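Novice: Dropping in query_15.txt, which is compact mmCIF, C-alpha atoms and all ligand atoms:
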# COMPACT_ATOMS: atom_id res chain seq x y z
CA MET A 7 28.57 36.40 1.31
CA LYS A 8 30.89 35.28 4.09
CA ASN A 9 29.68 33.08 6.92
CA ILE A 10 30.91 34.34 10.28
CA LEU A 11 30.52 32.35 13.49
CA ILE A 12 30.16 34.35 16.71
CA THR A 13 30.16 32.22 19.86
CA GLY A 14 28.57 33.37 23.11
CA GLY A 15 26.41 35.93 21.33
CA ALA A 16 23.56 35.62 23.82
CA GLY A 17 25.84 36.75 26.65
CA PHE A 18 26.79 40.23 27.75
CA ILE A 19 29.61 41.29 25.40
CA GLY A 20 28.65 38.79 22.69
CA SER A 21 25.17 40.31 22.32
CA HIS A 22 26.71 43.72 21.60
CA VAL A 23 29.14 42.19 19.12
CA VAL A 24 26.38 40.24 17.33
CA ARG A 25 24.23 43.38 17.11
CA LEU A 26 27.11 45.41 15.67
CA PHE A 27 28.13 42.77 13.12
CA VAL A 28 24.56 42.02 11.96
CA THR A 29 23.68 45.69 11.48
CA LYS A 30 27.03 46.97 10.19
CA HIS A 31 28.00 44.09 7.91
CA PRO A 32 25.13 42.99 5.64
CA GLN A 33 27.77 41.24 3.51
CA TYR A 34 28.12 38.64 6.28
CA HIS A 35 25.76 35.96 7.45
CA ILE A 36 26.19 35.91 11.22
CA PHE A 37 25.71 32.58 12.99
CA ASN A 38 25.36 33.08 16.74
CA LEU A 39 26.25 29.86 18.58
CA ASP A 40 25.36 29.84 22.26
CA ALA A 41 24.54 27.08 24.76
CA LEU A 42 22.20 29.42 26.67
CA THR A 43 23.75 28.68 30.04
CA TYR A 44 22.55 30.68 33.04
CA ALA A 45 24.41 33.65 31.48
CA GLY A 46 22.99 33.34 27.98
CA ASN A 47 19.75 35.22 27.32
CA LEU A 48 17.99 35.62 24.00
CA GLU A 49 16.28 38.71 25.44
CA ASN A 50 19.67 40.42 24.92
CA ILE A 51 19.27 40.30 21.13
CA THR A 52 15.55 40.45 20.35
CA ASP A 53 16.09 43.57 18.21
CA ILE A 54 18.13 41.72 15.58
CA GLU A 55 16.66 38.20 15.76
CA ALA A 56 14.60 38.67 12.57
CA ALA A 57 17.46 40.09 10.48
CA ALA A 58 17.93 38.32 7.13
CA ASN A 59 21.66 37.89 7.71
CA TYR A 60 21.32 36.33 11.18
CA THR A 61 20.84 32.79 12.49
CA PHE A 62 20.83 31.64 16.11
CA ILE A 63 22.08 28.14 16.89
CA LYS A 64 21.71 26.64 20.35
CA GLY A 65 24.69 24.39 21.02
CA ASP A 66 27.60 23.59 23.28
CA ILE A 67 31.20 24.24 22.20
CA VAL A 68 32.30 21.37 24.47
CA ASP A 69 30.56 18.90 22.14
CA ALA A 70 33.31 18.24 19.58
CA ALA A 71 31.23 16.15 17.18
CA PHE A 72 28.51 18.80 17.05
CA ILE A 73 31.09 21.57 16.47
CA ASP A 74 32.80 19.60 13.69
CA GLN A 75 29.47 19.05 11.91
CA LEU A 76 28.52 22.71 12.27
CA PHE A 77 31.75 23.87 10.63
CA VAL A 78 31.33 21.39 7.79
CA LYS A 79 27.72 22.47 7.25
CA HIS A 80 28.29 26.23 7.24
CA GLN A 81 31.93 26.47 6.08
CA PHE A 82 32.65 29.46 8.32
CA ASP A 83 35.14 31.99 6.94
CA GLY A 84 35.72 33.63 10.30
CA VAL A 85 35.20 32.91 13.98
CA VAL A 86 34.74 35.50 16.71
CA HIS A 87 34.97 33.45 19.88
CA LEU A 88 33.43 34.87 23.03
CA ALA A 89 31.62 31.88 24.58
CA ALA A 90 33.02 31.23 28.03
CA GLU A 91 32.32 30.77 31.67
CA SER A 92 33.14 34.31 32.74
CA HIS A 93 32.61 34.80 36.47
CA VAL A 94 35.62 34.55 38.80
CA ASP A 95 33.51 33.69 41.89
CA ARG A 96 31.87 30.77 40.10
CA SER A 97 35.29 29.53 38.96
CA ILE A 98 36.41 29.32 42.58
CA LYS A 99 33.44 27.05 43.39
CA ASP A 100 33.53 24.96 40.18
CA PRO A 101 36.85 25.13 38.28
CA LEU A 102 36.10 22.14 36.06
CA SER A 103 33.23 23.85 34.23
CA PHE A 104 35.74 26.55 33.30
CA VAL A 105 38.22 24.00 31.99
CA LYS A 106 35.50 22.36 29.91
CA THR A 107 34.07 25.45 28.25
CA ASN A 108 37.05 27.79 28.19
CA VAL A 109 39.81 25.31 27.38
CA ILE A 110 38.22 22.25 25.74
CA GLY A 111 35.53 24.33 24.03
CA THR A 112 38.17 26.63 22.54
CA VAL A 113 40.29 23.71 21.34
CA ASN A 114 37.20 22.13 19.73
CA LEU A 115 36.63 25.34 17.75
CA LEU A 116 40.30 25.59 16.77
CA ASN A 117 40.28 21.96 15.58
CA ALA A 118 37.11 22.41 13.56
CA ALA A 119 38.46 25.59 11.91
CA LYS A 120 41.79 23.91 11.15
CA THR A 121 40.01 20.94 9.58
CA ILE A 122 37.69 22.84 7.25
CA TRP A 123 40.29 25.48 6.30
CA ASN A 124 42.79 22.68 5.70
CA GLY A 125 45.80 24.96 5.25
CA LYS A 126 43.97 27.29 2.79
CA TYR A 127 43.99 30.28 5.07
CA GLU A 128 43.46 33.17 2.63
CA GLY A 129 40.54 35.29 3.93
CA LYS A 130 40.13 33.13 7.05
CA ARG A 131 40.52 34.28 10.62
CA PHE A 132 40.03 32.93 14.17
CA TYR A 133 39.52 35.76 16.65
CA HIS A 134 39.83 34.79 20.30
CA ILE A 135 38.43 37.21 22.89
CA SER A 136 40.35 37.09 26.14
CA THR A 137 40.87 38.98 29.35
CA ASP A 138 43.48 41.09 31.10
CA GLU A 139 43.18 38.69 34.06
CA VAL A 140 45.64 36.33 32.35
CA TYR A 141 48.42 38.75 33.36
CA GLY A 142 47.72 38.29 37.08
CA SER A 143 47.82 41.22 39.45
CA LEU A 144 49.64 44.55 39.35
CA GLY A 145 50.95 46.34 42.40
CA SER A 146 50.16 50.02 42.80
CA GLU A 147 52.29 50.97 39.76
CA GLY A 148 52.56 49.91 36.10
CA LEU A 149 50.28 48.74 33.31
CA PHE A 150 49.71 45.46 31.48
CA THR A 151 51.20 45.53 27.97
CA GLU A 152 50.99 42.87 25.25
CA THR A 153 54.38 41.54 26.39
CA THR A 154 53.55 41.22 30.10
CA ALA A 155 54.17 37.62 31.19
CA TYR A 156 51.12 35.48 31.90
CA ASP A 157 50.57 34.88 35.62
CA PRO A 158 46.91 33.91 36.16
CA ASN A 159 45.65 33.56 39.73
CA SER A 160 42.02 32.38 39.61
CA PRO A 161 40.66 29.22 37.99
CA TYR A 162 38.85 31.54 35.55
CA SER A 163 42.00 33.38 34.51
CA ALA A 164 43.98 30.12 34.40
CA SER A 165 41.40 28.69 31.98
CA LYS A 166 41.49 31.82 29.81
CA ALA A 167 45.31 31.82 29.84
CA SER A 168 45.26 28.19 28.76
CA SER A 169 42.86 28.94 25.90
CA ASP A 170 45.10 31.84 24.78
CA HIS A 171 48.09 29.49 24.73
CA PHE A 172 46.16 26.98 22.60
CA VAL A 173 45.19 29.69 20.12
CA ARG A 174 48.84 30.76 19.75
CA ALA A 175 49.93 27.12 19.56
CA TYR A 176 47.54 26.52 16.62
CA GLY A 177 49.05 29.58 14.95
CA GLU A 178 52.63 28.38 15.46
CA THR A 179 52.04 24.71 14.77
CA TYR A 180 49.47 24.70 11.98
CA GLY A 181 49.70 28.29 10.73
CA LEU A 182 46.07 28.90 11.71
CA PRO A 183 45.50 32.64 11.26
CA TYR A 184 44.38 34.07 14.58
CA VAL A 185 44.11 37.39 16.32
CA LEU A 186 43.75 37.72 20.08
CA THR A 187 42.67 40.54 22.37
CA ASN A 188 42.91 40.89 26.14
CA CYS A 189 40.39 43.34 27.54
CA SER A 190 39.74 44.94 30.90
CA ASN A 191 36.43 44.99 32.84
CA ASN A 192 33.40 45.79 30.69
CA TYR A 193 30.19 47.38 31.92
CA GLY A 194 26.93 48.45 30.27
CA PRO A 195 23.49 47.14 29.23
CA PHE A 196 22.76 43.38 29.38
CA HIS A 197 25.51 42.76 31.98
CA PHE A 198 24.48 39.77 34.07
CA PRO A 199 23.62 40.83 37.65
CA GLU A 200 26.25 38.69 39.34
CA LYS A 201 29.05 41.10 38.33
CA LEU A 202 29.84 44.15 40.47
CA ILE A 203 28.07 47.00 38.64
CA PRO A 204 24.77 45.35 37.63
CA LEU A 205 24.57 43.43 40.92
CA PHE A 206 24.90 46.64 42.88
CA ILE A 207 22.44 48.56 40.66
CA ASN A 208 19.88 45.80 41.22
CA ASN A 209 20.55 45.69 44.96
CA ILE A 210 20.23 49.46 45.30
CA ILE A 211 16.88 49.38 43.48
CA HIS A 212 15.66 46.75 45.97
CA ASN A 213 17.35 48.25 49.05
CA LYS A 214 19.52 45.17 49.49
CA SER A 215 23.03 45.25 50.92
CA LEU A 216 26.05 45.92 48.70
CA PRO A 217 28.67 43.23 49.46
CA VAL A 218 32.07 44.92 48.99
CA TYR A 219 34.81 42.28 49.15
CA GLY A 220 37.67 42.89 51.62
CA ASP A 221 38.57 46.54 52.13
CA GLY A 222 37.20 47.60 48.72
CA LYS A 223 40.60 48.92 47.65
CA TYR A 224 40.90 46.58 44.68
CA THR A 225 41.31 48.38 41.36
CA ARG A 226 39.79 47.61 37.98
CA ASP A 227 40.02 49.39 34.61
CA TRP A 228 36.46 49.86 33.28
CA LEU A 229 35.40 50.02 29.65
CA TYR A 230 31.91 50.67 28.24
CA VAL A 231 30.83 47.49 26.46
CA GLU A 232 29.88 49.16 23.16
CA ASP A 233 33.41 50.55 22.94
CA HIS A 234 34.71 47.00 23.35
CA ALA A 235 32.40 45.80 20.57
CA VAL A 236 33.75 48.54 18.27
CA ALA A 237 37.31 47.48 19.11
CA ILE A 238 36.44 43.84 18.32
CA ASP A 239 35.00 44.86 14.94
CA LEU A 240 38.15 46.84 14.20
CA VAL A 241 40.56 44.09 15.23
CA PHE A 242 38.59 41.44 13.33
CA HIS A 243 38.90 43.48 10.14
CA GLN A 244 42.18 45.34 10.52
CA GLY A 245 44.20 43.54 13.18
CA LYS A 246 47.36 41.72 12.11
CA ASN A 247 47.33 37.94 11.93
CA TYR A 248 49.18 36.16 14.76
CA ASP A 249 49.07 39.34 16.83
CA THR A 250 47.65 40.42 20.19
CA TYR A 251 46.07 43.70 21.25
CA ASN A 252 45.26 44.89 24.76
CA ILE A 253 41.96 46.77 25.09
CA GLY A 254 41.17 48.94 28.11
CA GLY A 255 39.38 52.05 29.25
CA PHE A 256 42.29 54.15 30.56
CA ASN A 257 39.91 54.28 33.49
CA GLU A 258 41.07 52.87 36.82
CA TRP A 259 38.76 52.86 39.82
CA GLN A 260 39.11 51.43 43.28
CA ASN A 261 35.96 49.37 43.91
CA ILE A 262 34.86 51.43 46.89
CA ASP A 263 35.11 54.73 44.98
CA LEU A 264 33.18 53.26 42.07
CA VAL A 265 30.50 51.93 44.42
CA LYS A 266 30.15 55.34 46.10
CA LEU A 267 29.81 57.06 42.71
CA LEU A 268 27.20 54.50 41.68
CA CYS A 269 25.30 55.07 44.94
CA LYS A 270 25.30 58.82 44.28
CA ILE A 271 23.98 58.42 40.71
CA MET A 272 21.33 55.94 41.87
CA ASP A 273 20.16 58.22 44.72
CA ALA A 274 19.69 61.05 42.21
CA LYS A 275 17.84 58.82 39.70
CA LEU A 276 15.60 57.23 42.33
CA GLY A 277 14.82 60.54 44.01
CA ARG A 278 16.47 59.41 47.25
CA THR A 279 18.41 61.74 49.54
CA GLU A 280 22.15 61.68 48.72
CA GLY A 281 23.85 59.21 51.05
CA THR A 282 20.88 56.79 51.25
CA SER A 283 22.34 54.03 49.07
CA GLU A 284 25.82 54.29 50.62
CA GLN A 285 24.27 53.00 53.82
CA LEU A 286 23.70 49.69 52.04
CA ILE A 287 27.47 49.12 51.71
CA ALA A 288 28.56 46.03 53.68
CA TYR A 289 32.22 44.96 53.78
CA VAL A 290 32.20 41.16 53.45
CA LYS A 291 34.70 38.30 53.38
CA ASP A 292 37.22 38.76 50.60
CA ARG A 293 37.33 36.75 47.37
CA PRO A 294 40.11 34.12 47.74
CA GLY A 295 43.14 34.99 45.60
CA HIS A 296 41.63 38.41 44.83
CA ASP A 297 43.83 40.26 42.31
CA LEU A 298 44.74 43.69 43.67
CA ARG A 299 44.84 45.74 40.51
CA TYR A 300 44.33 45.49 36.76
CA ALA A 301 45.23 48.35 34.40
CA ILE A 302 45.71 48.13 30.66
CA ASP A 303 48.13 49.95 28.41
CA ALA A 304 45.94 50.20 25.29
CA SER A 305 48.41 52.32 23.33
CA LYS A 306 49.12 49.61 20.72
CA ILE A 307 45.53 49.35 19.47
CA ASN A 308 45.30 53.13 19.69
CA LYS A 309 48.44 53.74 17.58
CA GLU A 310 48.03 50.88 15.11
CA LEU A 311 44.25 50.81 14.60
CA GLY A 312 43.17 54.25 15.85
CA TRP A 313 40.83 52.88 18.54
CA LYS A 314 40.04 54.69 21.75
CA PRO A 315 37.03 54.64 24.08
CA SER A 316 34.23 56.97 22.94
CA VAL A 317 32.52 57.59 26.27
CA THR A 318 33.87 58.76 29.61
CA PHE A 319 33.16 56.63 32.68
CA GLU A 320 30.65 59.19 33.97
CA GLN A 321 28.76 59.09 30.63
CA GLY A 322 28.93 55.30 30.41
CA LEU A 323 27.78 54.77 33.98
CA GLU A 324 24.89 57.20 33.48
CA LYS A 325 23.83 55.35 30.29
CA THR A 326 24.13 52.04 32.12
CA VAL A 327 22.08 53.12 35.13
CA ASN A 328 19.40 54.58 32.84
CA TRP A 329 19.26 51.32 30.89
CA TYR A 330 18.82 49.17 34.00
CA LEU A 331 16.13 51.48 35.39
CA GLU A 332 14.26 51.37 32.07
CA ASN A 333 14.68 47.59 31.75
CA GLN A 334 13.75 46.28 35.16
CA THR A 335 11.69 43.51 33.55
CA TRP A 336 14.93 42.17 32.04
CA LEU A 337 16.52 42.22 35.49
CA ASN A 338 13.49 40.69 37.20
CA ASN A 339 13.28 37.89 34.64
CA ILE A 340 16.82 36.94 35.56
CA THR A 341 16.75 37.43 39.30
CA SER A 342 13.52 35.49 39.70
CA GLY A 343 15.03 32.39 38.08
CA GLU A 344 17.94 30.06 38.63
CA TYR A 345 20.32 32.88 39.37
CA ALA A 346 18.31 34.03 42.38
CA THR A 347 18.76 30.61 43.96
CA TYR A 348 22.52 30.71 43.35
CA TYR A 349 22.75 34.20 44.78
CA GLU A 350 20.79 33.33 47.92
CA LYS A 351 23.11 30.35 48.54
CA GLN A 352 26.22 32.50 48.16
CA TYR A 353 25.48 35.48 50.28
CA ASN A 354 22.55 34.85 52.59
P1 LIG B 401 28.88 36.09 29.69
O1 LIG B 401 29.04 35.12 30.81
O2 LIG B 401 27.95 37.23 29.85
O3 LIG B 401 28.44 35.31 28.36
C1 LIG B 401 29.00 34.10 27.99
C2 LIG B 401 28.12 33.48 26.92
O4 LIG B 401 28.71 32.24 26.53
C3 LIG B 401 26.70 33.15 27.42
O5 LIG B 401 25.74 33.56 26.48
C4 LIG B 401 26.71 31.63 27.56
O6 LIG B 401 25.43 31.04 27.36
C5 LIG B 401 27.71 31.23 26.50
N1 LIG B 401 28.33 29.94 26.80
C6 LIG B 401 28.88 29.55 27.98
N2 LIG B 401 29.33 28.29 27.90
C7 LIG B 401 29.08 27.87 26.63
C8 LIG B 401 29.30 26.67 25.93
N3 LIG B 401 29.88 25.61 26.53
N4 LIG B 401 28.94 26.59 24.63
C9 LIG B 401 28.35 27.64 24.00
N5 LIG B 401 28.08 28.81 24.64
C10 LIG B 401 28.44 28.91 25.92
O7 LIG B 401 30.34 36.57 29.35
P2 LIG B 401 30.87 38.01 28.89
O8 LIG B 401 31.12 38.84 30.08
O9 LIG B 401 30.01 38.52 27.81
O10 LIG B 401 32.30 37.60 28.29
C11 LIG B 401 32.41 37.20 26.92
C12 LIG B 401 33.86 36.88 26.64
O11 LIG B 401 34.66 38.03 26.87
C13 LIG B 401 34.44 35.77 27.51
O12 LIG B 401 35.31 35.01 26.73
C14 LIG B 401 35.21 36.53 28.58
O13 LIG B 401 36.28 35.75 29.06
C15 LIG B 401 35.70 37.73 27.80
N6 LIG B 401 35.94 38.95 28.57
C16 LIG B 401 34.95 39.45 29.39
C17 LIG B 401 35.17 40.65 30.06
C18 LIG B 401 34.12 41.26 30.94
O14 LIG B 401 34.40 42.26 31.62
N7 LIG B 401 32.91 40.76 30.98
C19 LIG B 401 36.39 41.31 29.90
C20 LIG B 401 37.38 40.76 29.07
C21 LIG B 401 37.13 39.57 28.39
O1 LIG B 402 39.21 42.11 33.92
C1 LIG B 402 38.34 41.47 33.03
C2 LIG B 402 37.41 40.57 33.79
O2 LIG B 402 36.49 41.41 34.47
C3 LIG B 402 36.66 39.59 32.89
O3 LIG B 402 37.58 38.73 32.27
C4 LIG B 402 35.66 38.77 33.71
O4 LIG B 402 34.91 37.92 32.86
C5 LIG B 402 34.72 39.74 34.38
O5 LIG B 402 33.81 39.04 35.20
C6 LIG B 402 35.51 40.74 35.23
O6 LIG B 402 36.12 40.07 36.35
P1 LIG B 402 36.14 40.73 37.81
O7 LIG B 402 36.34 39.65 38.80
O8 LIG B 402 37.06 41.90 37.87
O9 LIG B 402 34.63 41.31 37.85
P2 LIG B 402 33.54 41.34 39.02
O10 LIG B 402 32.43 42.21 38.54
O11 LIG B 402 33.20 39.98 39.51
O12 LIG B 402 34.31 42.09 40.20
C7 LIG B 402 34.83 43.40 40.02
C8 LIG B 402 35.50 43.80 41.32
O13 LIG B 402 34.50 43.96 42.32
C9 LIG B 402 36.45 42.76 41.86
O14 LIG B 402 37.54 43.41 42.52
C10 LIG B 402 35.63 41.99 42.89
C11 LIG B 402 34.71 43.06 43.43
N1 LIG B 402 33.36 42.60 43.86
C12 LIG B 402 32.63 41.86 42.99
C13 LIG B 402 31.39 41.41 43.34
C14 LIG B 402 30.57 40.58 42.39
C15 LIG B 402 32.88 42.96 45.11
O15 LIG B 402 33.55 43.66 45.89
N2 LIG B 402 31.64 42.51 45.45
C16 LIG B 402 30.86 41.74 44.63
O16 LIG B 402 29.75 41.36 45.02
Using structure tokens, write down the structure that the file contains.
Specialist:
Amino acid sequence: MKNILITGGAGFIGSHVVRLFVTKHPQYHIFNLDALTYAGNLENITDIEAAANYTFIKGDIVDAAFIDQLFVKHQFDGVVHLAAESHVDRSIKDPLSFVKTNVIGTVNLLNAAKTIWNGKYEGKRFYHISTDEVYGSLGSEGLFTETTAYDPNSPYSASKASSDHFVRAYGETYGLPYVLTNCSNNYGPFHFPEKLIPLFINNIIHNKSLPVYGDGKYTRDWLYVEDHAVAIDLVFHQGKNYDTYNIGGFNEWQNIDLVKLLCKIMDAKLGRTEGTSEQLIAYVKDRPGHDLRYAIDASKINKELGWKPSVTFEQGLEKTVNWYLENQTWLNNITSGEYATYYEKQYN
């Protein structure tokens, strides 16, 4: 049996990846390492917590000594690294936390893997999960490809770009076998309600205002989170060492159009007259350094590994809205805690 370390598996995307790996790969023992920050929530993975091939470990990737010991103890064969500070707005308020977790934390994991693998790299792999935000902003035309130059604009994307560079540097310098993916905006169940879609679903439920930044004409490329998890599984097993793949939804939306679609779906689900939720839209002060447009060219992973998204945006959004309406206890448990305080300070 191989020991696989997944970091950040109590977060949004990580919980879907842990679930997929635990259920699909009984030949692995999955170790889920997560510090349970404000964004980490064991309620995201209650369905698999009793699985025989699964162990949860609470711990911080910034703690180098702890990470070193963990690698020695469990002799991981593979690492799927998702743990990160992930919210752009928080990075603007507190860049250093992003440097610590996203840069130093990643280097700690690389060091620990390098030490225990000690040049014997057969069957070993370090998979770093990154973001399309490292490429900066597009104008109205064009797509990010794997060869687009890095040009990060926010402290979050700068920290992710830095971690990507370290991963490649460990590949070049020490031969550490890595694979790296840069993905567009995910959405779906267990998405923390500070990000656009779950925040707005929650606010619509509670008749609270919908804070659209700037003129709302910013564009993102949305991907259903389970499709991302499938892509991660595929790349981990079939991706080429020392290579990079872009992952995206072929699904660009201006924020304001997405918000209006969401309002329409929510009105129908909540039995409200069409147009009710749109009245909650409030244009607010823009995010500093707000990237205008992200859009991914995912043709490489499509051609080389046969991956493409399985659900349309309309299907994915419908599934997502249904999930949040059926899991309001999950939402309430979050919004009644520390996050609520943060949110009140930001916007009220
Ligand atoms: P998230 O914020 O929902 O989850 C992050 C998880 O990491 C949490 O469970 C948190 O407790 C854990 N964590 C944070 N700091 C840690 C530390 N120091 N030690 C151990 N665990 C720690 O994030 P997400 O949206 O699921 O993103 C996961 C990864 O995917 C990140 O690397 C992110 O950059 C990347 N990514 C996200 C998106 C997206 O749209 N959400 C898109 C592309 C790439
Ligand atoms: O592109 C991938 C990235 O997508 C990931 O790497 C990040 O971890 C993830 O958080 C996400 O970043 P964004 O900044 O694009 O996501 P967010 O949900 O914060 O914002 C989406 C868009 O909506 C963006 O243009 C800002 C806008 N927005 C966001 C919030 C929270 C609003 O207009 N109002 C809001 O309240």
Novice: By how many Å are CA of Leu240 in chain A and CA of Gly125 in chain A apart?
Specialist: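 Computing the Euclidean distance for CA of Leu240 in chain A and CA of Gly125 in chain A yields 24.8 Å.
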Novice: I'd like the contact shell of His212 in chain A - 12 Å cut-off, all atoms listed in the file, skipping same-chain residues fewer than 3 positions apart - returned as a PyMOL selection string.
Specialist: chain A and resi 205-209+215-216+272+276+283+286+331+334+337-338+341
Novice: Around ligand LIG 401 (chain B), out to 8 Å and counting only C-alpha atoms and all ligand atoms, which residues are there? I want them as an mmCIF file with C-alpha atoms, in the coordinates of the input.
Specialist:
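Saved result, selection-v6.cif, follows:
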data_model
loop_
_atom_site.group_PDB
_atom_site.id
_atom_site.type_symbol
_atom_site.label_atom_id
_atom_site.label_comp_id
_atom_site.auth_asym_id
_atom_site.auth_seq_id
_atom_site.Cartn_x
_atom_site.Cartn_y
_atom_site.Cartn_z
ATOM 1 C CA THR A 13 30.160 32.220 19.860
ATOM 2 C CA GLY A 14 28.570 33.370 23.110
ATOM 3 C CA GLY A 15 26.410 35.930 21.330
ATOM 4 C CA ALA A 16 23.560 35.620 23.820
ATOM 5 C CA GLY A 17 25.840 36.750 26.650
ATOM 6 C CA PHE A 18 26.790 40.230 27.750
ATOM 7 C CA ILE A 19 29.610 41.290 25.400
ATOM 8 C CA GLY A 20 28.650 38.790 22.690
ATOM 9 C CA SER A 21 25.170 40.310 22.320
ATOM 10 C CA LEU A 39 26.250 29.860 18.580
ATOM 11 C CA ASP A 40 25.360 29.840 22.260
ATOM 12 C CA ALA A 41 24.540 27.080 24.760
ATOM 13 C CA LEU A 42 22.200 29.420 26.670
ATOM 14 C CA THR A 43 23.750 28.680 30.040
ATOM 15 C CA TYR A 44 22.550 30.680 33.040
ATOM 16 C CA ALA A 45 24.410 33.650 31.480
ATOM 17 C CA GLY A 46 22.990 33.340 27.980
ATOM 18 C CA ASN A 47 19.750 35.220 27.320
ATOM 19 C CA LYS A 64 21.710 26.640 20.350
ATOM 20 C CA GLY A 65 24.690 24.390 21.020
ATOM 21 C CA ASP A 66 27.600 23.590 23.280
ATOM 22 C CA ILE A 67 31.200 24.240 22.200
ATOM 23 C CA VAL A 68 32.300 21.370 24.470
ATOM 24 C CA HIS A 87 34.970 33.450 19.880
ATOM 25 C CA LEU A 88 33.430 34.870 23.030
ATOM 26 C CA ALA A 89 31.620 31.880 24.580
ATOM 27 C CA ALA A 90 33.020 31.230 28.030
ATOM 28 C CA GLU A 91 32.320 30.770 31.670
ATOM 29 C CA SER A 92 33.140 34.310 32.740
ATOM 30 C CA HIS A 93 32.610 34.800 36.470
ATOM 31 C CA LYS A 106 35.500 22.360 29.910
ATOM 32 C CA THR A 107 34.070 25.450 28.250
ATOM 33 C CA ASN A 108 37.050 27.790 28.190
ATOM 34 C CA GLY A 111 35.530 24.330 24.030
ATOM 35 C CA HIS A 134 39.830 34.790 20.300
ATOM 36 C CA ILE A 135 38.430 37.210 22.890
ATOM 37 C CA SER A 136 40.350 37.090 26.140
ATOM 38 C CA THR A 137 40.870 38.980 29.350
ATOM 39 C CA ASP A 138 43.480 41.090 31.100
ATOM 40 C CA GLU A 139 43.180 38.690 34.060
ATOM 41 C CA LYS A 166 41.490 31.820 29.810
ATOM 42 C CA ASN A 188 42.910 40.890 26.140
ATOM 43 C CA CYS A 189 40.390 43.340 27.540
ATOM 44 C CA SER A 190 39.740 44.940 30.900
ATOM 45 C CA ASN A 191 36.430 44.990 32.840
ATOM 46 C CA ASN A 192 33.400 45.790 30.690
ATOM 47 C CA TYR A 193 30.190 47.380 31.920
ATOM 48 C CA HIS A 197 25.510 42.760 31.980
ATOM 49 C CA PHE A 198 24.480 39.770 34.070
#
Novice: What gap, in Å, lies between CA of Gly194 in chain A and CA of Leu229 in chain A?
Specialist: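 Those two atoms sit 8.6 Å apart.
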Novice: Quick one: of A:Tyr248, A:Tyr345, A:Tyr141, A:Trp329, who's nearest to ligand LIG 402 (chain B), counting only C-alpha atoms and all ligand atoms?
Specialist: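 Of the candidates, the smallest distance to ligand LIG 402 (chain B) is held by A:Tyr141.
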Novice: Please indicate the distance in Å from atom O12 of ligand LIG 402 (chain B) to CA of Ile211 in chain A, rounded to one decimal place.
Specialist: 19.2 Å
Novice: Determine, counting only C-alpha atoms, every residue of protein, DNA or RNA that lies within 12 Å of (46.6, 29.8, 23.9) in the file coordinates, then give the result as a VMD selection string.
Specialist: chain A and resid 108 to 110 112 to 113 116 133 to 136 140 156 164 to 179 184 to 188 248 250
Novice: Could you check the closest approach to ligand LIG 402 (chain B) for each of A:Asp74, A:Glu55, A:Asp297, A:Asp69 and tell me which residue wins, using all atoms listed in the file?
Specialist: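 Checking each of A:Asp74, A:Glu55, A:Asp297, A:Asp69 against ligand LIG 402 (chain B), counting all atoms listed in the file, the winner is A:Asp297.
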Novice: Of the candidates A:Asn124, A:Ser97, A:Thr335, A:Thr151, which one gets nearest to ligand LIG 402 (chain B) if we count all atoms listed in the file?
Specialist: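 Between A:Asn124, A:Ser97, A:Thr335, A:Thr151, the residue approaching ligand LIG 402 (chain B) most closely is A:Ser97.
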Novice: Could you list, as a PyMOL selection string, every residue within 12 Å of range 313-322 of chain A, counting all atoms listed in the file and ignoring same-chain residues fewer than 6 positions away?
Specialist: chain A and resi 192-195+203+227-241+244-245+251-259+264+267-268+270-271+303-307+328-329
Novice: Pick the closest to ligand LIG 402 (chain B) from A:Asn247, A:Asn261, A:Asn9, A:Thr282: which is it, counting all atoms listed in the file?
Specialist: A:Asn261
Novice: Kindly provide, as AutoDock Vina command-line options, the centre and edge lengths (Å, one decimal) of an axis-aligned box around all atoms of ligand LIG 402 (chain B) given in the file, with 5 Å on each side.
Specialist:
--center_x 34.5 --center_y 40.9 --center_z 39.1 --size_x 19.5 --size_y 16.0 --size_z 23.6
Novice: Out of A:Gly343, A:Gly84, A:Gly148, A:Gly142, which residue has the shortest atom-to-atom distance to ligand LIG 402 (chain B) when counting only C-alpha atoms and all ligand atoms?
Specialist: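 Of the candidates, the smallest distance to ligand LIG 402 (chain B) is held by A:Gly142.
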Novice: Excluding same-chain residues fewer than 5 positions from Thr29 in chain A, what lies within 12 Å of it counting all atoms listed in the file, as an MDAnalysis selection string?
Specialist: chainID A and resid 22:24 34:36 51 53:60 239
Novice: Which is closest to Ala155 in chain A among A:Ser143, A:Gly295, A:Trp336, A:Phe37, if we use all atoms listed in the file?
Specialist: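 Looking at the shortest contact to Ala155 in chain A, the residue is A:Ser143.
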Novice: Missing atoms in range 131-135 of chain A should be modelled up to N, CA and C atoms and reported as a CSV table (one decimal), in the frame of the given file.
Specialist:
chain,number,residue,atom,x,y,z
A,131,ARG,N,40.0,33.7,9.4
A,131,ARG,CA,40.5,34.3,10.6
A,131,ARG,C,39.8,33.7,11.9
A,132,PHE,N,40.6,33.4,12.9
A,132,PHE,CA,40.0,32.9,14.2
A,132,PHE,C,40.4,34.0,15.2
A,133,TYR,N,39.3,34.7,15.7
A,133,TYR,CA,39.5,35.8,16.6
A,133,TYR,C,39.1,35.3,18.0
A,134,HIS,N,40.1,35.3,18.9
A,134,HIS,CA,39.8,34.8,20.3
A,134,HIS,C,39.8,36.0,21.2
A,135,ILE,N,38.6,36.1,22.0
A,135,ILE,CA,38.4,37.2,22.9
A,135,ILE,C,38.9,36.8,24.3
